[in-house]
$ cat protein-v2.cif   # mmCIF, C-alpha atoms and all ligand atoms
data_protein
loop_
_atom_site.label_atom_id
_atom_site.label_comp_id
_atom_site.auth_asym_id
_atom_site.auth_seq_id
_atom_site.Cartn_x
_atom_site.Cartn_y
_atom_site.Cartn_z
CA MET A 352 20.93 -21.02 -30.86
CA GLU A 353 22.54 -17.66 -31.34
CA LEU A 354 23.31 -14.48 -29.46
CA TRP A 355 23.59 -11.44 -31.73
CA VAL A 356 25.57 -8.26 -31.30
CA TYR A 357 24.80 -5.32 -33.56
CA ALA A 358 28.09 -4.21 -35.12
CA GLU A 359 27.85 -0.46 -35.47
CA GLN A 360 30.22 1.08 -37.98
CA ARG A 361 30.78 4.73 -38.78
CA ARG A 362 32.60 5.72 -41.94
CA GLY A 363 33.76 2.13 -42.35
CA LYS A 364 35.19 1.84 -38.81
CA LEU A 365 33.72 -0.26 -36.05
CA VAL A 366 32.50 1.72 -33.06
CA SER A 367 34.48 0.77 -29.97
CA ALA A 368 31.30 0.10 -27.95
CA SER A 369 30.37 -2.71 -30.38
CA LEU A 370 33.72 -4.40 -29.87
CA GLU A 371 33.39 -4.05 -26.07
CA LEU A 372 29.99 -5.68 -26.36
CA LEU A 373 31.44 -8.65 -28.24
CA GLY A 374 33.71 -9.32 -25.24
CA LEU A 375 30.75 -9.25 -22.84
CA ALA A 376 28.59 -11.32 -25.20
CA ARG A 377 31.34 -13.92 -25.70
CA GLY A 378 31.22 -14.77 -21.99
CA ILE A 379 27.41 -15.08 -22.08
CA ALA A 380 27.41 -17.16 -25.28
CA ASP A 381 30.02 -19.56 -23.88
CA LYS A 382 28.03 -20.01 -20.67
CA ALA A 383 24.76 -20.55 -22.56
CA ARG A 384 26.43 -22.63 -25.29
CA TRP A 385 25.06 -20.32 -27.95
CA ALA A 386 26.92 -19.22 -31.08
CA LEU A 387 27.90 -15.55 -31.07
CA SER A 388 26.99 -13.67 -34.25
CA SER A 389 27.42 -10.09 -35.32
CA VAL A 390 25.20 -8.26 -37.77
CA LEU A 391 26.96 -5.68 -39.93
CA LEU A 392 25.19 -3.29 -42.30
CA GLY A 393 26.90 -0.73 -44.52
CA HIS A 394 28.62 -0.22 -47.84
CA ASN A 395 32.07 -1.63 -48.60
CA VAL A 396 32.46 -2.88 -45.05
CA GLU A 397 33.31 -6.54 -45.67
CA VAL A 398 36.82 -5.89 -44.41
CA LEU A 399 35.37 -5.36 -40.90
CA CYS A 400 34.15 -8.98 -40.66
CA LYS A 401 37.67 -10.15 -39.81
CA GLU A 402 37.86 -7.63 -36.97
CA LEU A 403 34.51 -8.79 -35.56
CA ILE A 404 35.65 -12.42 -35.67
CA ALA A 405 38.97 -11.50 -34.05
CA HIS A 406 37.02 -9.86 -31.21
CA GLY A 407 34.89 -12.95 -30.54
CA ALA A 408 32.17 -13.37 -33.21
CA ASP A 409 31.68 -16.89 -34.57
CA ARG A 410 29.62 -15.65 -37.47
CA VAL A 411 28.94 -12.33 -39.19
CA TYR A 412 25.77 -11.55 -41.14
CA LEU A 413 26.87 -8.98 -43.70
CA VAL A 414 24.44 -6.76 -45.59
CA GLU A 415 25.97 -4.29 -48.04
CA HIS A 416 24.25 -1.71 -50.23
CA PRO A 417 25.28 1.80 -51.36
CA LEU A 418 22.17 3.24 -49.64
CA LEU A 419 23.28 1.68 -46.34
CA GLU A 420 26.55 3.62 -46.26
CA LEU A 421 25.24 5.99 -43.57
CA TYR A 422 22.82 4.86 -40.87
CA GLN A 423 19.23 5.13 -42.15
CA CYS A 424 16.64 4.08 -39.60
CA GLU A 425 14.01 2.68 -42.00
CA PRO A 426 16.04 0.16 -44.00
CA TYR A 427 18.39 -0.66 -41.11
CA SER A 428 15.51 -1.58 -38.78
CA ARG A 429 13.59 -3.41 -41.52
CA ILE A 430 16.58 -5.53 -42.53
CA LEU A 431 17.63 -6.31 -38.98
CA ALA A 432 14.08 -7.32 -37.99
CA LYS A 433 13.76 -9.48 -41.12
CA LEU A 434 17.07 -11.24 -40.44
CA ALA A 435 16.11 -11.81 -36.81
CA SER A 436 12.68 -13.20 -37.68
CA GLU A 437 14.36 -15.70 -40.02
CA ALA A 438 17.40 -16.71 -37.91
CA LYS A 439 15.54 -16.44 -34.57
CA PRO A 440 18.42 -15.46 -32.26
CA GLU A 441 17.86 -15.91 -28.53
CA ALA A 442 18.97 -12.36 -27.84
CA ILE A 443 20.25 -9.22 -29.57
CA LEU A 444 22.52 -6.69 -27.85
CA PHE A 445 23.12 -3.16 -29.13
CA PRO A 446 25.61 -0.57 -27.89
CA HIS A 447 23.73 2.32 -26.29
CA THR A 448 25.06 4.87 -28.76
CA ALA A 449 22.94 7.44 -30.62
CA VAL A 450 22.44 4.90 -33.40
CA GLY A 451 21.91 1.90 -31.10
CA SER A 452 19.30 3.73 -29.04
CA ASP A 453 17.44 4.74 -32.23
CA LEU A 454 17.65 1.37 -33.94
CA ALA A 455 17.00 -1.10 -31.10
CA PRO A 456 13.46 0.06 -30.16
CA ARG A 457 12.42 0.07 -33.83
CA VAL A 458 13.63 -3.50 -34.24
CA ALA A 459 12.04 -4.59 -30.93
CA ALA A 460 8.68 -3.09 -31.99
CA LYS A 461 8.82 -4.87 -35.36
CA LEU A 462 9.62 -8.16 -33.61
CA ARG A 463 7.01 -7.52 -30.88
CA THR A 464 9.47 -8.23 -28.13
CA GLY A 465 10.77 -6.34 -25.09
CA LEU A 466 13.81 -4.09 -24.85
CA SER A 467 15.79 -2.82 -21.87
CA ALA A 468 17.62 0.43 -22.50
CA HIS A 469 20.62 1.89 -20.61
CA VAL A 470 21.66 -1.53 -19.28
CA VAL A 471 24.71 -1.28 -17.01
CA ASN A 472 25.30 -5.00 -16.52
CA ILE A 473 24.01 -8.21 -17.99
CA GLU A 474 24.24 -11.79 -16.74
CA LEU A 475 22.80 -15.15 -17.66
CA ASP A 476 20.61 -16.94 -15.12
CA GLU A 477 20.16 -20.68 -14.69
CA ARG A 478 17.16 -20.66 -17.12
CA ARG A 479 19.37 -18.98 -19.76
CA LEU A 480 17.45 -15.73 -19.37
CA LEU A 481 19.41 -12.50 -19.56
CA ARG A 482 19.32 -10.58 -16.27
CA GLN A 483 19.47 -7.02 -17.57
CA ILE A 484 20.45 -4.58 -14.85
CA VAL A 485 19.23 -0.99 -15.10
CA PRO A 486 19.29 1.76 -12.45
CA GLY A 487 15.67 2.62 -11.71
CA PHE A 488 13.45 4.96 -9.72
CA GLY A 489 15.79 7.95 -9.78
CA GLY A 490 18.80 5.75 -9.13
CA SER A 491 17.56 4.43 -5.79
CA ILE A 492 17.42 0.79 -6.95
CA MET A 493 19.11 -1.49 -9.43
CA ALA A 494 16.26 -3.09 -11.36
CA VAL A 495 16.69 -6.56 -12.87
CA VAL A 496 14.74 -6.83 -16.11
CA LEU A 497 13.88 -10.25 -17.60
CA CYS A 498 12.14 -11.07 -20.85
CA PRO A 499 10.87 -14.61 -20.18
CA GLU A 500 8.15 -14.94 -22.81
CA ARG A 501 9.12 -13.16 -26.00
CA ARG A 502 12.15 -13.69 -28.23
CA PRO A 503 14.63 -12.31 -28.93
CA GLN A 504 15.61 -10.81 -25.57
CA MET A 505 16.91 -7.34 -26.42
CA ALA A 506 19.00 -4.71 -24.64
CA THR A 507 21.06 -1.62 -25.29
CA ILE A 508 24.24 -1.68 -23.19
CA MET A 509 25.96 1.47 -21.97
CA PRO A 510 29.37 2.03 -23.57
CA GLY A 511 32.23 1.41 -21.17
CA VAL A 512 30.56 -1.25 -19.02
CA ALA A 513 32.64 -3.98 -20.65
CA ARG A 514 36.28 -4.01 -21.61
CA LYS A 515 37.23 -4.33 -25.26
CA PRO A 516 38.62 -7.88 -25.69
CA LYS A 517 42.11 -8.37 -27.06
CA PRO A 518 41.73 -9.31 -30.72
CA ASP A 519 42.82 -12.79 -31.71
CA TRP A 520 43.55 -12.52 -35.43
CA SER A 521 43.96 -16.28 -35.71
CA ARG A 522 40.27 -16.89 -34.91
CA ARG A 523 38.23 -18.29 -37.78
CA GLY A 524 34.56 -17.56 -38.38
CA GLU A 525 31.86 -17.63 -40.98
CA VAL A 526 30.67 -14.66 -43.04
CA ILE A 527 27.10 -14.95 -44.30
CA ARG A 528 26.43 -12.40 -47.02
CA VAL A 529 22.77 -11.44 -47.21
CA GLU A 530 21.46 -9.67 -50.32
CA GLU A 531 18.86 -7.03 -49.56
CA GLU A 532 17.28 -4.48 -51.90
CA VAL A 533 17.04 -0.91 -50.61
CA SER A 534 15.19 1.75 -52.58
CA GLU A 535 15.30 5.55 -52.41
CA GLU A 536 11.55 5.56 -51.66
CA GLU A 537 12.14 3.62 -48.47
CA LEU A 538 14.21 6.43 -46.98
CA ARG A 539 11.58 8.57 -45.28
CA ALA A 540 14.29 10.27 -43.23
CA ARG A 541 17.77 10.46 -44.60
CA THR A 542 21.20 10.94 -43.05
CA LEU A 543 22.93 13.38 -45.38
CA GLU A 544 26.18 13.78 -43.56
CA LEU A 545 27.86 12.94 -40.27
CA VAL A 546 29.48 15.87 -38.51
CA GLU A 547 31.80 14.70 -35.78
CA GLU A 548 32.95 16.76 -32.83
CA PRO A 549 36.71 17.32 -32.66
CA PRO A 550 38.40 14.59 -30.61
CA GLU A 551 38.56 15.09 -26.87
CA GLU A 552 41.87 16.28 -25.47
CA LYS A 553 42.12 13.46 -22.95
CA PRO A 554 39.35 10.84 -23.11
CA LEU A 555 38.11 10.03 -19.61
CA GLU A 556 38.07 6.30 -20.38
CA GLU A 557 41.80 6.31 -21.07
CA ALA A 558 42.96 8.50 -18.18
CA ASP A 559 44.78 6.95 -15.21
CA ILE A 560 43.52 9.71 -12.92
CA VAL A 561 40.15 11.46 -13.13
CA VAL A 562 39.17 14.41 -10.99
CA ALA A 563 35.44 15.15 -11.06
CA GLY A 564 33.26 17.86 -9.60
CA GLY A 565 29.60 18.21 -8.79
CA TRP A 566 26.92 20.62 -7.73
CA GLY A 567 28.79 21.32 -4.47
CA LEU A 568 31.21 23.54 -6.45
CA ARG A 569 28.36 26.07 -6.80
CA SER A 570 29.58 27.98 -9.90
CA ARG A 571 31.82 27.93 -12.98
CA GLU A 572 34.37 29.83 -10.93
CA GLY A 573 34.08 27.30 -8.09
CA PHE A 574 34.61 24.42 -10.55
CA ARG A 575 38.09 25.77 -11.34
CA ILE A 576 39.47 24.12 -8.20
CA VAL A 577 38.65 20.77 -9.87
CA GLU A 578 40.50 21.79 -13.05
CA GLU A 579 43.49 23.06 -11.10
CA LEU A 580 43.82 19.85 -9.11
CA ALA A 581 43.47 17.86 -12.34
CA GLU A 582 46.25 19.89 -13.92
CA ALA A 583 48.55 19.33 -10.94
CA LEU A 584 47.93 15.58 -11.22
CA SER A 585 47.97 15.45 -15.05
CA ALA A 586 44.47 14.07 -14.74
CA ALA A 587 41.34 14.25 -16.89
CA VAL A 588 38.38 16.33 -15.71
CA GLY A 589 34.89 14.89 -15.33
CA GLY A 590 31.67 15.74 -13.57
CA THR A 591 28.09 14.96 -12.68
CA ARG A 592 24.80 15.73 -14.39
CA PRO A 593 24.35 19.08 -12.55
CA ALA A 594 27.89 20.10 -13.59
CA LEU A 595 26.90 19.40 -17.19
CA ASP A 596 23.55 21.17 -16.88
CA GLU A 597 25.35 24.25 -15.55
CA GLY A 598 27.79 24.19 -18.46
CA TRP A 599 30.89 23.59 -16.29
CA ILE A 600 31.72 20.45 -18.27
CA LYS A 601 30.99 19.18 -21.78
CA PRO A 602 28.74 16.15 -22.51
CA HIS A 603 31.70 13.83 -23.09
CA GLN A 604 32.91 14.63 -19.55
CA MET A 605 29.80 13.46 -17.73
CA ILE A 606 30.27 10.27 -15.73
CA GLY A 607 27.50 7.86 -14.80
CA HIS A 608 24.44 6.10 -16.06
CA SER A 609 23.72 8.50 -18.94
CA GLY A 610 27.38 9.43 -19.28
CA LYS A 611 30.59 7.46 -19.27
CA THR A 612 31.70 4.42 -17.34
CA ILE A 613 35.33 4.83 -16.36
CA ARG A 614 38.03 2.73 -14.69
CA PRO A 615 40.88 5.06 -13.76
CA LYS A 616 43.52 4.02 -11.23
CA LEU A 617 42.48 7.01 -9.10
CA TYR A 618 39.12 8.78 -9.06
CA ILE A 619 38.64 11.94 -6.98
CA ALA A 620 35.06 13.13 -6.40
CA ILE A 621 34.70 16.71 -5.21
CA GLY A 622 31.36 18.12 -4.06
CA ILE A 623 29.59 15.02 -5.42
CA SER A 624 26.84 13.39 -3.35
CA GLY A 625 27.32 9.90 -4.79
CA GLU A 626 23.84 9.17 -6.15
CA MET A 627 23.68 5.79 -7.84
CA HIS A 628 23.21 7.30 -11.31
CA HIS A 629 26.69 8.75 -10.92
CA THR A 630 28.43 5.97 -9.00
CA VAL A 631 27.52 3.22 -11.52
CA GLY A 632 30.07 4.92 -13.75
CA ILE A 633 32.98 4.82 -11.27
CA LEU A 634 32.70 1.59 -9.29
CA ASP A 635 35.50 -0.17 -11.17
CA SER A 636 38.00 2.62 -10.38
CA GLY A 637 41.17 1.51 -8.57
CA VAL A 638 40.99 3.95 -5.66
CA ILE A 639 38.10 6.33 -5.01
CA VAL A 640 38.69 9.47 -2.96
CA ALA A 641 35.81 11.76 -1.98
CA VAL A 642 35.71 15.27 -0.56
CA ASN A 643 32.32 16.35 0.72
CA ASN A 644 31.23 18.57 3.62
CA ASP A 645 28.29 16.31 4.50
CA PRO A 646 29.43 13.23 6.49
CA SER A 647 26.22 11.40 5.54
CA ALA A 648 26.74 11.81 1.77
CA PRO A 649 26.36 8.41 0.02
CA ILE A 650 29.70 8.88 -1.76
CA PHE A 651 31.37 7.94 1.56
CA GLU A 652 29.82 4.47 1.25
CA VAL A 653 31.65 3.73 -2.00
CA CYS A 654 34.93 5.60 -1.53
CA ASP A 655 38.23 4.17 -0.27
CA TYR A 656 39.34 7.45 1.32
CA GLY A 657 36.92 10.16 2.38
CA VAL A 658 37.58 13.72 3.52
CA VAL A 659 34.70 15.40 5.34
CA GLY A 660 35.37 19.04 4.72
CA ASP A 661 34.78 22.13 2.65
CA ALA A 662 36.15 21.53 -0.85
CA PHE A 663 37.14 25.20 -1.12
CA GLU A 664 39.51 24.71 1.83
CA VAL A 665 40.73 21.16 1.17
CA ILE A 666 41.30 21.17 -2.61
CA PRO A 667 43.36 24.38 -3.06
CA ARG A 668 45.66 23.20 -0.22
CA LEU A 669 46.04 19.79 -1.82
CA THR A 670 46.74 21.37 -5.21
CA SER A 671 49.42 23.69 -3.85
CA MET A 672 51.08 20.80 -1.97
CA LEU A 673 51.14 18.75 -5.18
CA ARG A 674 52.58 21.68 -7.13
CA GLU A 675 55.32 22.13 -4.51
CA LEU A 676 56.08 18.42 -4.60
CA ARG A 677 56.28 18.45 -8.37
CA GLY A 678 58.49 21.58 -8.32
CA ALA A 679 60.86 19.88 -5.85
CA GLN A 680 60.97 16.75 -8.03
CA LEU A 681 61.77 18.81 -11.11
CA LYS A 682 64.64 20.55 -9.25
CA GLN A 683 66.09 17.18 -8.26
CA GLU A 684 66.00 15.87 -11.82
CA PRO A 685 69.37 16.37 -13.56
C1 LIG B 1 17.59 8.73 -15.59
C2 LIG B 1 18.65 9.51 -14.87
C3 LIG B 1 19.96 9.43 -15.32
C4 LIG B 1 20.98 10.11 -14.67
N1 LIG B 1 22.25 10.00 -15.12
C5 LIG B 1 23.24 10.62 -14.46
C6 LIG B 1 24.61 10.46 -14.87
O1 LIG B 1 24.92 9.79 -15.85
N2 LIG B 1 25.56 11.08 -14.15
C7 LIG B 1 25.28 11.85 -13.04
O2 LIG B 1 26.21 12.38 -12.44
N3 LIG B 1 24.01 12.03 -12.66
C8 LIG B 1 22.99 11.44 -13.32
N4 LIG B 1 21.71 11.62 -12.90
C9 LIG B 1 21.47 12.54 -11.77
C10 LIG B 1 21.78 11.87 -10.41
O3 LIG B 1 20.65 11.12 -9.98
C11 LIG B 1 22.12 12.93 -9.34
O4 LIG B 1 21.09 13.88 -9.26
C12 LIG B 1 23.45 13.65 -9.61
O5 LIG B 1 24.48 12.71 -9.83
C13 LIG B 1 23.82 14.52 -8.43
O6 LIG B 1 24.92 15.31 -8.79
P1 LIG B 1 25.83 16.01 -7.70
O7 LIG B 1 26.43 14.97 -6.81
O8 LIG B 1 26.76 16.90 -8.45
O9 LIG B 1 24.83 16.96 -6.94
P2 LIG B 1 24.17 16.82 -5.51
O10 LIG B 1 23.47 15.52 -5.36
O11 LIG B 1 23.39 18.07 -5.29
O12 LIG B 1 25.40 16.80 -4.49
C14 LIG B 1 26.22 17.88 -4.22
C15 LIG B 1 27.10 17.46 -3.06
O13 LIG B 1 28.04 18.50 -2.81
C16 LIG B 1 28.26 18.55 -1.42
N5 LIG B 1 28.78 19.88 -1.12
C17 LIG B 1 28.12 21.07 -1.10
N6 LIG B 1 28.96 22.09 -0.80
C18 LIG B 1 30.19 21.52 -0.62
C19 LIG B 1 31.46 22.03 -0.27
N7 LIG B 1 31.67 23.35 -0.09
N8 LIG B 1 32.48 21.16 -0.15
C20 LIG B 1 32.32 19.82 -0.34
N9 LIG B 1 31.12 19.29 -0.67
C21 LIG B 1 30.08 20.12 -0.81
C22 LIG B 1 26.90 18.27 -0.80
O14 LIG B 1 27.03 17.78 0.51
C23 LIG B 1 26.34 17.23 -1.75
O15 LIG B 1 26.60 15.91 -1.27
C24 LIG B 1 20.67 10.94 -13.53
C25 LIG B 1 19.35 11.01 -13.09
C26 LIG B 1 18.35 10.32 -13.74
C27 LIG B 1 16.95 10.42 -13.22
#

$ encode --input "protein-v2.cif" --output "structure tokens" --more "lines below"
Ligand SMILES: Cc1cc2nc3c(=O)[nH]c(=O)nc-3n(C[C@H](O)[C@H](O)[C@H](O)COP(=O)(O)OP(=O)(O)OC[C@H]3O[C@@H](n4cnc5c(N)ncnc54)[C@H](O)[C@@H]3O)c2cc1C
Amino acid sequence: MELWVYAEQRRGKLVSASLELLGLARGIADKARWALSSVLLGHNVEVLCKELIAHGADRVYLVEHPLLELYQCEPYSRILAKLASEAKPEAILFPHTAVGSDLAPRVAAKLRTGLSAHVVNIELDERRLLRQIVPGFGGSIMAVVLCPERRPQMATIMPGVARKPKPDWSRRGEVIRVEEEVSEEELRARTLELVEEPPEEKPLEEADIVVAGGWGLRSREGFRIVEELAEALSAAVGGTRPALDEGWIKPHQMIGHSGKTIRPKLYIAIGISGEMHHTVGILDSGVIVAVNNDPSAPIFEVCDYGVVGDAFEVIPRLTSMLRELRGAQLKQEP
């Protein structure tokens, strides 16, 4: 029996979320006593098989063709569904990236099985069913989704929910090369080019300290107190869905269920209510500090330190104290 992880590659490089997923899947496969396989489609990507094996795969199904160089939904979903109907894996996991969320439902429909999207955690139960955990009903519950009758069990997992495993380059695995024909006629929609956004200045996932703001900041001008505190702490800036909708932050700065999952040493939430859709992205932070003027805000249930107060009074004072402290430290340094 096998558990599959879809190995997404872009321009011949594995997407980090696929490698994270291998770490998570390794634990499940070991518990279930399944083999862990990766499926890799592309052109001239054989070199990536070693990396997948080093990150936990026992086996890699490799399909190469010049027309598979860029993601194309028609042949990618056809080939993946064909491979799955032949090899009959118990489950297939995809990273919830733009590609994963396009590909997985197409494959699930072809295989006539179920799919959970936006999964924030996944566990194996005693019947070897995957308990797929998804925030539901506006974030008020954590729904457990099971797929007891159809196979494979399928899910797209949010990037960041698992840690990327340390590669073990001494691991040995099997590469199964699968020959598949792809024709121009099959490509009803075609990816002509990938245009990538310039890299973020400080990725939230890598920052030790993250300062985030929410709707309580009221305006772009109000949000500056978040940026100023972040600067004083050399921290990265994040925010909630309303902060994104208002244009105070960029998409890569949104934290939560549809945004990023982060694990900084220190997370400071300012003017953020603490709805579950946001807090699922911060629960693994080292220390959570919240500033909110409503003592009944749910963020106070998940934070380690809470300040009930007006952010426009508390934060500028904190920032100026930090700046003074830093100035004094700099003076002391020889
Ligand atoms: C499918 C789905 C996915 C979602 N995904 C995400 C996601 O990934 N990330 C995300 O963030 N949200 C997400 N949401 C939205 C989420 O449910 C919440 O609506 C959102 O997180 C609330 O953002 P907020 O805390 O900024 O705003 P609010 O809930 O409006 O909270 C604002 C807070 O600011 C406080 N406040 C007001 N004035 C001050 C002041 N002067 N000083 C201090 N505090 C003050 C208020 O007391 C309040 O608690 C999603 C929703 C759905 C349905």

$ closest_atom_pairs --input "protein-v2.cif" --of "chain A" --to "ligand LIG 1 (chain B)" --cutoff "8 Å" --atoms "all atoms listed in the file" --output "JSON lines"
{"residue": "A:Pro486", "atom": "CA", "partner": "B:LIG1", "partner_atom": "C1", "distance": 7.8}
{"residue": "A:Gly487", "atom": "CA", "partner": "B:LIG1", "partner_atom": "C1", "distance": 7.5}
{"residue": "A:Phe488", "atom": "CA", "partner": "B:LIG1", "partner_atom": "C27", "distance": 7.4}
{"residue": "A:Gly489", "atom": "CA", "partner": "B:LIG1", "partner_atom": "C27", "distance": 4.4}
{"residue": "A:Gly490", "atom": "CA", "partner": "B:LIG1", "partner_atom": "O3", "distance": 5.7}
{"residue": "A:Gly564", "atom": "CA", "partner": "B:LIG1", "partner_atom": "O8", "distance": 6.7}
{"residue": "A:Gly565", "atom": "CA", "partner": "B:LIG1", "partner_atom": "O8", "distance": 3.1}
{"residue": "A:Trp566", "atom": "CA", "partner": "B:LIG1", "partner_atom": "O8", "distance": 3.8}
{"residue": "A:Gly567", "atom": "CA", "partner": "B:LIG1", "partner_atom": "O13", "distance": 3.4}
{"residue": "A:Leu568", "atom": "CA", "partner": "B:LIG1", "partner_atom": "N6", "distance": 6.3}
{"residue": "A:Arg569", "atom": "CA", "partner": "B:LIG1", "partner_atom": "N6", "distance": 7.2}
{"residue": "A:Gly590", "atom": "CA", "partner": "B:LIG1", "partner_atom": "O2", "distance": 6.5}
{"residue": "A:Thr591", "atom": "CA", "partner": "B:LIG1", "partner_atom": "O2", "distance": 3.2}
{"residue": "A:Arg592", "atom": "CA", "partner": "B:LIG1", "partner_atom": "O2", "distance": 4.1}
{"residue": "A:Pro593", "atom": "CA", "partner": "B:LIG1", "partner_atom": "O8", "distance": 5.2}
{"residue": "A:Ala594", "atom": "CA", "partner": "B:LIG1", "partner_atom": "O8", "distance": 6.2}
{"residue": "A:Met605", "atom": "CA", "partner": "B:LIG1", "partner_atom": "N2", "distance": 6.0}
{"residue": "A:Ile606", "atom": "CA", "partner": "B:LIG1", "partner_atom": "N2", "distance": 5.0}
{"residue": "A:Gly607", "atom": "CA", "partner": "B:LIG1", "partner_atom": "O1", "distance": 3.4}
{"residue": "A:His608", "atom": "CA", "partner": "B:LIG1", "partner_atom": "O1", "distance": 3.7}
{"residue": "A:Ser609", "atom": "CA", "partner": "B:LIG1", "partner_atom": "O1", "distance": 3.6}
{"residue": "A:Gly610", "atom": "CA", "partner": "B:LIG1", "partner_atom": "O1", "distance": 4.2}
{"residue": "A:Lys611", "atom": "CA", "partner": "B:LIG1", "partner_atom": "O1", "distance": 7.0}
{"residue": "A:Ile621", "atom": "CA", "partner": "B:LIG1", "partner_atom": "C20", "distance": 6.2}
{"residue": "A:Gly622", "atom": "CA", "partner": "B:LIG1", "partner_atom": "O13", "distance": 3.6}
{"residue": "A:Ile623", "atom": "CA", "partner": "B:LIG1", "partner_atom": "O7", "distance": 3.5}
{"residue": "A:Ser624", "atom": "CA", "partner": "B:LIG1", "partner_atom": "O15", "distance": 3.3}
{"residue": "A:Gly625", "atom": "CA", "partner": "B:LIG1", "partner_atom": "O7", "distance": 5.5}
{"residue": "A:Glu626", "atom": "CA", "partner": "B:LIG1", "partner_atom": "O5", "distance": 5.1}
{"residue": "A:Met627", "atom": "CA", "partner": "B:LIG1", "partner_atom": "O3", "distance": 6.5}
{"residue": "A:His628", "atom": "CA", "partner": "B:LIG1", "partner_atom": "C5", "distance": 4.6}
{"residue": "A:His629", "atom": "CA", "partner": "B:LIG1", "partner_atom": "O2", "distance": 4.0}
{"residue": "A:Thr630", "atom": "CA", "partner": "B:LIG1", "partner_atom": "O2", "distance": 7.6}
{"residue": "A:Gly632", "atom": "CA", "partner": "B:LIG1", "partner_atom": "O1", "distance": 7.4}
{"residue": "A:Val642", "atom": "CA", "partner": "B:LIG1", "partner_atom": "C20", "distance": 5.7}
{"residue": "A:Asn643", "atom": "CA", "partner": "B:LIG1", "partner_atom": "N9", "distance": 3.5}
{"residue": "A:Asn644", "atom": "CA", "partner": "B:LIG1", "partner_atom": "C20", "distance": 4.3}
{"residue": "A:Asp645", "atom": "CA", "partner": "B:LIG1", "partner_atom": "O14", "distance": 4.4}
{"residue": "A:Pro646", "atom": "CA", "partner": "B:LIG1", "partner_atom": "O14", "distance": 7.9}
{"residue": "A:Ala648", "atom": "CA", "partner": "B:LIG1", "partner_atom": "O15", "distance": 5.1}
{"residue": "A:Pro649", "atom": "CA", "partner": "B:LIG1", "partner_atom": "O15", "distance": 7.6}
{"residue": "A:Ile650", "atom": "CA", "partner": "B:LIG1", "partner_atom": "O15", "distance": 7.7}
{"residue": "A:Val659", "atom": "CA", "partner": "B:LIG1", "partner_atom": "C20", "distance": 7.6}
{"residue": "A:Gly660", "atom": "CA", "partner": "B:LIG1", "partner_atom": "C20", "distance": 6.0}
{"residue": "A:Asp661", "atom": "CA", "partner": "B:LIG1", "partner_atom": "N8", "distance": 3.8}
{"residue": "A:Ala662", "atom": "CA", "partner": "B:LIG1", "partner_atom": "N8", "distance": 3.8}
{"residue": "A:Phe663", "atom": "CA", "partner": "B:LIG1", "partner_atom": "N7", "distance": 5.9}

$ residues_around --input "protein-v2.cif" --residues "Asp519 of chain A" --least-positions-apart "5" --cutoff "12 Å" --atoms "all atoms listed in the file" --output "list in words"
Gly374, Lys401, Glu402, Leu403, Ile404, Ala405, His406, Gly407, Ala408 and Gly524 of chain A

$ write_last_selection --input "protein-v2.cif" --atoms "C-alpha atoms" --output "PDB file, in the coordinates of the input"
ATOM      1  CA  GLY A 374      33.710  -9.320 -25.240  1.00  0.00           C
ATOM      2  CA  LYS A 401      37.670 -10.150 -39.810  1.00  0.00           C
ATOM      3  CA  GLU A 402      37.860  -7.630 -36.970  1.00  0.00           C
ATOM      4  CA  LEU A 403      34.510  -8.790 -35.560  1.00  0.00           C
ATOM      5  CA  ILE A 404      35.650 -12.420 -35.670  1.00  0.00           C
ATOM      6  CA  ALA A 405      38.970 -11.500 -34.050  1.00  0.00           C
ATOM      7  CA  HIS A 406      37.020  -9.860 -31.210  1.00  0.00           C
ATOM      8  CA  GLY A 407      34.890 -12.950 -30.540  1.00  0.00           C
ATOM      9  CA  ALA A 408      32.170 -13.370 -33.210  1.00  0.00           C
ATOM     10  CA  GLY A 524      34.560 -17.560 -38.380  1.00  0.00           C
TER      11      GLY A 524
END

$ residues_near_point --input "protein-v2.cif" --point "(21.0, 1.8, -55.2)" --cutoff "7 Å" --atoms "only C-alpha atoms" --output "ChimeraX atom specification"
/A:416-418,533-534

$ closest_atom_pairs --input "protein-v2.cif" --of "segment 370-431 of chain A" --to "segment 466-474 of chain A" --cutoff "10 Å" --atoms "only C-alpha atoms" --output "CSV"
residue,atom,partner,partner_atom,distance
A:Leu375,CA,A:Ile473,CA,8.4
A:Ala376,CA,A:Ile473,CA,9.1
A:Gly378,CA,A:Glu474,CA,9.2
A:Ile379,CA,A:Glu474,CA,7.0
A:Lys382,CA,A:Glu474,CA,9.9

$ residues_around --input "protein-v2.cif" --residues "Arg457 of chain A" --least-positions-apart "6" --cutoff "9 Å" --atoms "only C-alpha atoms" --output "PyMOL selection string"
chain A and resi 424-425+428-429+432

$ atom_distance --input "protein-v2.cif" --atom1 "atom CA of Gln680 of chain A" --atom2 "atom CA of Ala586 of chain A"
18.0 Å

$ closest_residue --input "protein-v2.cif" --among "A:Ile527, A:Gly637, A:Asp559, A:Arg478" --to "Tyr656 of chain A" --atoms "only C-alpha atoms"
A:Gly637

$ residues_around --input "protein-v2.cif" --residues "Val398 of chain A" --least-positions-apart "3" --cutoff "12 Å" --atoms "all atoms listed in the file" --output "ChimeraX atom specification"
/A:360,363-365,391,393-395,401-405,411,413,415,526

$ closest_residue --input "protein-v2.cif" --among "A:Ala563, A:Val390, A:Arg677, A:Arg479" --to "Ala641 of chain A" --atoms "all atoms listed in the file"
A:Ala563

$ closest_residue --input "protein-v2.cif" --among "A:Leu421, A:Met352, A:Val665, A:Leu617" --to "Ile443 of chain A" --atoms "all atoms listed in the file"
A:Met352

$ atom_distance --input "protein-v2.cif" --atom1 "atom CA of Leu595 of chain A" --atom2 "atom CA of Ile484 of chain A"
24.9 Å
